[in-house]
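Here's the structure we're looking at; comments come further down.
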Amino acid sequence: MATGRPNVIVFFTDQQRWDTSSLHGNPLDLMPNFDRMASSGTHLSNHFTCQPVCGPARACLQTGRYATQNGTFRNRIPLDPNAQTLAKLFREAGYRTGYIGKWHLGGTTPSWDIDHQEPVPPDLRGGYEDWLAADMLEFASTPYDTRLFDTENREVRLPGYRVDALTDAAIRYVDRRVRNHPAEPFFLFLSFLEPHQQNYRDDYPAPKGYEARYRGAWTPPDLAHFDGSAAGQLPGYYGMVRRLDEAFGRMLDALCSLGIQENTIVLFTSDHGNHFKTRNSEYKRSCHEASIRVPAAICGPGFDSGGRVTALTSLIDLPPTLLDAAGITPPQEMAGRSVLPLVRNPKSPWPDEVFIQISESQVGRAVRTRRWKYSVTAPEADPLEDSSSPAYVEEYLYDLESDPYELVNLAGIPAYRAVSQRMQERLIARIREVEGYEPYIRPAPEVPGGGQRVVRPEESEE
């Protein structure tokens, strides 16, 4: 039942750390379906968000442009109705487009009253034709009461645990498209809330019985090292991840049952990670791996047997990748690049760094190479009003080779001054490229000591 052009499905989770996967060292077998797909398809093993907070990350993924370029640099700024989006580009190419789940780009102000949530106006839906979604799903629903709005703004309540309810809706949607419109390819964006916290409770409500499975389970080193909320919240979080993976397996089974698995591109990824209040007062909005590194894998035409791509890839690269794989030329204004050349030839030219913009907790910027992480902050800027700043100060420097969980901040240690200088040059170059100006960056205050730390000259270039 294959059509000439591939279908495209995005399976999008919320606030999921990269190390929930066994492929990244998690010993709990939380994601067997993801792991299997990543191993048989293409695993983007070093994948990062470009904005570690919900709304801006989603705007970047829908537009292929950084948050300062598309205008949604913090939550509660709606996506520009005139923005060129994935949905519009797929529609222009003859695809039917559908969106199911959490949107978070309608500019909604949070409300604790579940019965007084409003639907997203049609002009703020990013160009999607078929719609079953809520702007802020964490406020519009609870774990066993999934409340959405359809294309005509009618309220729809779905039965079951929220992950299952959304997955069931997505499978029904795919089934209808295949059976009723077999010659028309579709682009479906399936967006979950899990494993994000349920805001009004500030906890991680797993499906019944799942939290108990993971009490006392493995804790990542950064969460064990710093004080935070992981001790009480990690079991529920793991339970949510497990159920998401089971849902992912059901989706893949449905594609197989409908005979379209060989002609459907499926992307699994997340908007950002989770540091469980170890780096600031909430769960993300920081430069750390816990916030910015996420799982990512793609299967289907062009990606099957693609292997493990170790290059540093960014969320900003996913929109041109999906378009390219569907035979659609990505617009020049998209900031990222398709990873398909890397899949075909791992030696293809590729940037050796990723650029991160941070808002709401701070006006911050970071650049990450294979070895080093360098981050700056603007103490004089308002993180809710200012999208950028003319001046920053160094905040963090990490050697990811010896300290992958970022337990020791090297900023200000004299032995690492050359490294900081080189990383500063890289960061300024990226800000100039993306934001169009060159900020001033003040060095971190000198930290006395450093013990036996010595950095060879060539290490600062890594």
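Here's how to read the names in the structure tokens: chain A, B, ... by the order shown, residue numbers from 1 in each chain, ligand numbers from 1 in the order shown.
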
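Omitting Thr151 in chain A and its sequence neighbours fewer than 3 positions away, and counting only C-alpha atoms, the residues within 12 Å are Thr97, Gly98, Tyr99, Ile100, Pro119, Val120, Pro121, Pro122, Asp123, Arg125, Gly127, Tyr128, Glu129, Asp130, Trp131, Leu132, Ala133, Ala134, Leu148, Arg154, Glu155 and Val156 of chain A.
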
Next, dump the selected residues to file, keeping only N, CA and C atoms, as an mmCIF file, in the first residue's frame.
data_model
loop_
_atom_site.group_PDB
_atom_site.id
_atom_site.type_symbol
_atom_site.label_atom_id
_atom_site.label_comp_id
_atom_site.auth_asym_id
_atom_site.auth_seq_id
_atom_site.Cartn_x
_atom_site.Cartn_y
_atom_site.Cartn_z
ATOM 1 N N THR A 97 -1.578 17.171 6.369
ATOM 2 C CA THR A 97 -0.841 17.425 7.608
ATOM 3 C C THR A 97 -1.763 17.296 8.816
ATOM 4 N N GLY A 98 -1.275 16.659 9.862
ATOM 5 C CA GLY A 98 -2.043 16.481 11.080
ATOM 6 C C GLY A 98 -1.207 16.714 12.318
ATOM 7 N N TYR A 99 -1.843 17.233 13.346
ATOM 8 C CA TYR A 99 -1.167 17.479 14.627
ATOM 9 C C TYR A 99 -2.035 16.923 15.740
ATOM 10 N N ILE A 100 -1.384 16.166 16.655
ATOM 11 C CA ILE A 100 -2.066 15.568 17.800
ATOM 12 C C ILE A 100 -1.233 15.809 19.056
ATOM 13 N N PRO A 119 -9.343 26.588 23.109
ATOM 14 C CA PRO A 119 -8.701 25.982 21.937
ATOM 15 C C PRO A 119 -7.750 26.956 21.265
ATOM 16 N N VAL A 120 -6.837 26.424 20.492
ATOM 17 C CA VAL A 120 -5.888 27.253 19.746
ATOM 18 C C VAL A 120 -6.586 27.790 18.501
ATOM 19 N N PRO A 121 -6.581 29.098 18.275
ATOM 20 C CA PRO A 121 -7.211 29.649 17.070
ATOM 21 C C PRO A 121 -6.566 29.071 15.809
ATOM 22 N N PRO A 122 -7.330 28.896 14.745
ATOM 23 C CA PRO A 122 -6.792 28.287 13.516
ATOM 24 C C PRO A 122 -5.543 28.971 12.980
ATOM 25 N N ASP A 123 -5.459 30.298 13.100
ATOM 26 C CA ASP A 123 -4.300 30.998 12.533
ATOM 27 C C ASP A 123 -3.036 30.805 13.358
ATOM 28 N N ARG A 125 -2.109 27.693 14.514
ATOM 29 C CA ARG A 125 -1.835 26.256 14.503
ATOM 30 C C ARG A 125 -0.687 25.861 13.576
ATOM 31 N N GLY A 127 -0.294 26.043 10.466
ATOM 32 C CA GLY A 127 -0.620 25.555 9.134
ATOM 33 C C GLY A 127 -1.101 24.119 9.070
ATOM 34 N N TYR A 128 -1.250 23.451 10.218
ATOM 35 C CA TYR A 128 -1.716 22.058 10.203
ATOM 36 C C TYR A 128 -3.199 22.020 9.849
ATOM 37 N N GLU A 129 -3.575 21.064 8.996
ATOM 38 C CA GLU A 129 -4.960 20.936 8.541
ATOM 39 C C GLU A 129 -5.816 20.166 9.550
ATOM 40 N N ASP A 130 -5.385 18.979 9.912
ATOM 41 C CA ASP A 130 -6.120 18.133 10.846
ATOM 42 C C ASP A 130 -5.556 18.361 12.247
ATOM 43 N N TRP A 131 -6.436 18.570 13.214
ATOM 44 C CA TRP A 131 -6.006 19.097 14.517
ATOM 45 C C TRP A 131 -6.733 18.386 15.645
ATOM 46 N N LEU A 132 -5.974 17.881 16.601
ATOM 47 C CA LEU A 132 -6.535 17.327 17.832
ATOM 48 C C LEU A 132 -5.516 17.623 18.922
ATOM 49 N N ALA A 133 -5.626 18.777 19.551
ATOM 50 C CA ALA A 133 -4.534 19.247 20.398
ATOM 51 C C ALA A 133 -5.035 20.230 21.445
ATOM 52 N N ALA A 134 -4.158 20.502 22.411
ATOM 53 C CA ALA A 134 -4.355 21.564 23.394
ATOM 54 C C ALA A 134 -3.068 22.359 23.470
ATOM 55 N N LEU A 148 -8.706 17.526 24.758
ATOM 56 C CA LEU A 148 -8.138 18.194 23.592
ATOM 57 C C LEU A 148 -9.244 18.951 22.861
ATOM 58 N N ARG A 154 -14.018 21.881 18.849
ATOM 59 C CA ARG A 154 -14.875 21.120 19.750
ATOM 60 C C ARG A 154 -14.023 20.368 20.762
ATOM 61 N N GLU A 155 -14.494 20.339 21.991
ATOM 62 C CA GLU A 155 -13.772 19.611 23.030
ATOM 63 C C GLU A 155 -13.873 18.108 22.788
ATOM 64 N N VAL A 156 -12.746 17.428 22.946
ATOM 65 C CA VAL A 156 -12.692 15.967 22.796
ATOM 66 C C VAL A 156 -12.002 15.398 24.029
#

- Message: Run DSSP on the backbone and tell me which residues of range 243-316 of chain A come out as strand (DSSP E or B); list them as JSON, numbers by chain.
- Response: {"A": [264, 265, 266, 267, 268, 269, 270, 293, 296, 297, 298, 299, 307, 308, 309, 310, 311, 312, 313, 314]}

Those same residues - N, CA and C atoms - I'd like them written as a PDB file, in the first residue's frame.
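Final output, part28.pdb:
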ATOM      1  N   THR A 264       7.413   4.860   5.329  1.00  0.00           N
ATOM      2  CA  THR A 264       7.113   5.883   6.322  1.00  0.00           C
ATOM      3  C   THR A 264       8.370   6.243   7.101  1.00  0.00           C
ATOM      4  N   ILE A 265       8.709   7.492   7.102  1.00  0.00           N
ATOM      5  CA  ILE A 265       9.820   8.005   7.904  1.00  0.00           C
ATOM      6  C   ILE A 265       9.295   8.308   9.295  1.00  0.00           C
ATOM      7  N   VAL A 266       9.962   7.789  10.320  1.00  0.00           N
ATOM      8  CA  VAL A 266       9.555   8.025  11.698  1.00  0.00           C
ATOM      9  C   VAL A 266      10.734   8.631  12.462  1.00  0.00           C
ATOM     10  N   LEU A 267      10.505   9.787  13.042  1.00  0.00           N
ATOM     11  CA  LEU A 267      11.494  10.456  13.891  1.00  0.00           C
ATOM     12  C   LEU A 267      11.040  10.382  15.332  1.00  0.00           C
ATOM     13  N   PHE A 268      11.922   9.928  16.214  1.00  0.00           N
ATOM     14  CA  PHE A 268      11.680   9.969  17.659  1.00  0.00           C
ATOM     15  C   PHE A 268      12.679  10.937  18.259  1.00  0.00           C
ATOM     16  N   THR A 269      12.181  11.946  18.968  1.00  0.00           N
ATOM     17  CA  THR A 269      13.075  12.841  19.698  1.00  0.00           C
ATOM     18  C   THR A 269      12.275  13.600  20.754  1.00  0.00           C
ATOM     19  N   SER A 270      12.945  14.532  21.448  1.00  0.00           N
ATOM     20  CA  SER A 270      12.328  15.302  22.525  1.00  0.00           C
ATOM     21  C   SER A 270      12.734  16.759  22.404  1.00  0.00           C
ATOM     22  N   ARG A 293      20.699  17.650  26.074  1.00  0.00           N
ATOM     23  CA  ARG A 293      20.941  16.443  25.281  1.00  0.00           C
ATOM     24  C   ARG A 293      19.711  15.536  25.333  1.00  0.00           C
ATOM     25  N   ALA A 296      17.465  10.718  19.983  1.00  0.00           N
ATOM     26  CA  ALA A 296      16.999  10.987  18.628  1.00  0.00           C
ATOM     27  C   ALA A 296      17.369   9.831  17.711  1.00  0.00           C
ATOM     28  N   ALA A 297      16.400   9.362  16.954  1.00  0.00           N
ATOM     29  CA  ALA A 297      16.632   8.309  15.966  1.00  0.00           C
ATOM     30  C   ALA A 297      15.585   8.433  14.879  1.00  0.00           C
ATOM     31  N   ILE A 298      15.930   7.991  13.668  1.00  0.00           N
ATOM     32  CA  ILE A 298      15.041   8.069  12.516  1.00  0.00           C
ATOM     33  C   ILE A 298      15.095   6.744  11.765  1.00  0.00           C
ATOM     34  N   CYS A 299      13.936   6.277  11.326  1.00  0.00           N
ATOM     35  CA  CYS A 299      13.884   5.095  10.478  1.00  0.00           C
ATOM     36  C   CYS A 299      13.029   5.393   9.256  1.00  0.00           C
ATOM     37  N   GLY A 307      22.916   3.334  10.626  1.00  0.00           N
ATOM     38  CA  GLY A 307      23.941   3.200  11.645  1.00  0.00           C
ATOM     39  C   GLY A 307      23.930   4.327  12.659  1.00  0.00           C
ATOM     40  N   ARG A 308      25.036   4.473  13.316  1.00  0.00           N
ATOM     41  CA  ARG A 308      25.182   5.448  14.401  1.00  0.00           C
ATOM     42  C   ARG A 308      25.900   6.684  13.883  1.00  0.00           C
ATOM     43  N   VAL A 309      25.188   7.798  13.843  1.00  0.00           N
ATOM     44  CA  VAL A 309      25.779   9.070  13.439  1.00  0.00           C
ATOM     45  C   VAL A 309      26.320   9.743  14.688  1.00  0.00           C
ATOM     46  N   THR A 310      27.630   9.898  14.759  1.00  0.00           N
ATOM     47  CA  THR A 310      28.262  10.441  15.967  1.00  0.00           C
ATOM     48  C   THR A 310      28.494  11.945  15.887  1.00  0.00           C
ATOM     49  N   ALA A 311      28.286  12.551  14.735  1.00  0.00           N
ATOM     50  CA  ALA A 311      28.445  14.003  14.614  1.00  0.00           C
ATOM     51  C   ALA A 311      27.474  14.711  15.566  1.00  0.00           C
ATOM     52  N   LEU A 312      27.835  15.920  15.990  1.00  0.00           N
ATOM     53  CA  LEU A 312      26.971  16.702  16.868  1.00  0.00           C
ATOM     54  C   LEU A 312      25.829  17.280  16.043  1.00  0.00           C
ATOM     55  N   THR A 313      24.617  16.828  16.316  1.00  0.00           N
ATOM     56  CA  THR A 313      23.454  17.324  15.590  1.00  0.00           C
ATOM     57  C   THR A 313      22.531  18.075  16.542  1.00  0.00           C
ATOM     58  N   SER A 314      21.723  18.953  15.968  1.00  0.00           N
ATOM     59  CA  SER A 314      20.862  19.833  16.750  1.00  0.00           C
ATOM     60  C   SER A 314      19.414  19.696  16.304  1.00  0.00           C
TER      61      SER A 314
END

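Here CA of Arg370 in chain A stands at a distance of 12.7 Å from CA of Trp350 in chain A.
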
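The smallest atom-to-atom distance between Tyr161 in chain A and any of A:Pro195, A:Ala206, A:Glu92, A:Phe189, using only C-alpha atoms, is found for A:Ala206.
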
- Contacts of Leu322 in chain A at 12 Å or less, counting only C-alpha atoms, minus same-chain residues fewer than 3 places along, as a PyMOL selection string? chain A and resi 6-10+61-62+64+86-87+89-90+187-189+264-268+298-303+315-319+325-330+336-340

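Counting from CA of Cys256 in chain A, the distance to CA of Arg179 in chain A is 14.0 Å.
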
- Interatomic distance between CA of Glu459 in chain A and CA of Tyr416 in chain A? 10.0 Å

Please identify all polymer residues within 9 Å of Ala230 in chain A, counting only C-alpha atoms, omitting same-chain residues fewer than 3 positions from it, and present them as a PDB file with C-alpha atoms, in the first residue's frame.
ATOM      1  CA  THR A 219      20.378   7.313  39.209  1.00  0.00           C
ATOM      2  CA  LEU A 223      21.466  13.669  39.809  1.00  0.00           C
ATOM      3  CA  ALA A 224      23.239  11.650  42.484  1.00  0.00           C
ATOM      4  CA  ASP A 227      20.868  18.115  45.562  1.00  0.00           C
ATOM      5  CA  GLN A 233      10.603  11.964  41.217  1.00  0.00           C
ATOM      6  CA  LEU A 234      12.866   9.698  39.165  1.00  0.00           C
ATOM      7  CA  PRO A 235      10.752   6.513  39.643  1.00  0.00           C
ATOM      8  CA  HIS A 275      17.992  18.132  35.430  1.00  0.00           C
ATOM      9  CA  PHE A 276      15.506  17.643  38.312  1.00  0.00           C
ATOM     10  CA  LYS A 277      16.214  20.966  40.044  1.00  0.00           C
ATOM     11  CA  THR A 278      19.944  20.301  40.322  1.00  0.00           C
TER      12      THR A 278
END

- Contacts of Trp112 in chain A at 10 Å (only C-alpha atoms; same-chain gap of 3+ positions) as a list in words: Asp115, His116, Gln117, Glu138, Phe139, Ala140, Asn199 and Tyr200 of chain A

- Message: Quick check for you: according to DSSP on this backbone, which residues of range 153-321 of chain A are classed as alpha helix (DSSP H)? Reply as a PyMOL selection string.
- Response: chain A and resi 162-180+221-225+230-257+289-292+318-321

Would you mind listing, for every residue of range 107-196 of chain A within 12 Å of range 34-58 of chain A, the two atoms forming the shortest contact and the distance between them in Å to one decimal, using only C-alpha atoms, sorted by chain and ascending residue number, as a Markdown table?
| residue | atom | partner | partner_atom | distance |
| --- | --- | --- | --- | --- |
| A:Gly107 | CA | A:Gly55 | CA | 8.9 |
| A:Thr108 | CA | A:Gly55 | CA | 10.6 |
| A:Gly126 | CA | A:Arg58 | CA | 10.9 |
| A:Asp135 | CA | A:Gly55 | CA | 10.0 |
| A:Met136 | CA | A:Gly55 | CA | 9.7 |
| A:Leu137 | CA | A:Cys54 | CA | 11.7 |
| A:Glu138 | CA | A:Cys54 | CA | 11.6 |
| A:Phe189 | CA | A:Arg58 | CA | 11.4 |
| A:Ser191 | CA | A:Arg58 | CA | 10.0 |
| A:Phe192 | CA | A:Cys54 | CA | 11.6 |
| A:Leu193 | CA | A:Cys54 | CA | 10.1 |
| A:His196 | CA | A:Cys54 | CA | 9.9 |

- Task: Pick out the residues sitting within 12 Å of Pro182 in chain A, and hand them over as number ranges by chain; count only C-alpha atoms, and ignore anything fewer than 5 positions along from it in its own chain.
- Result: A: 1-7, 95-96, 174-177, 258-260, 263
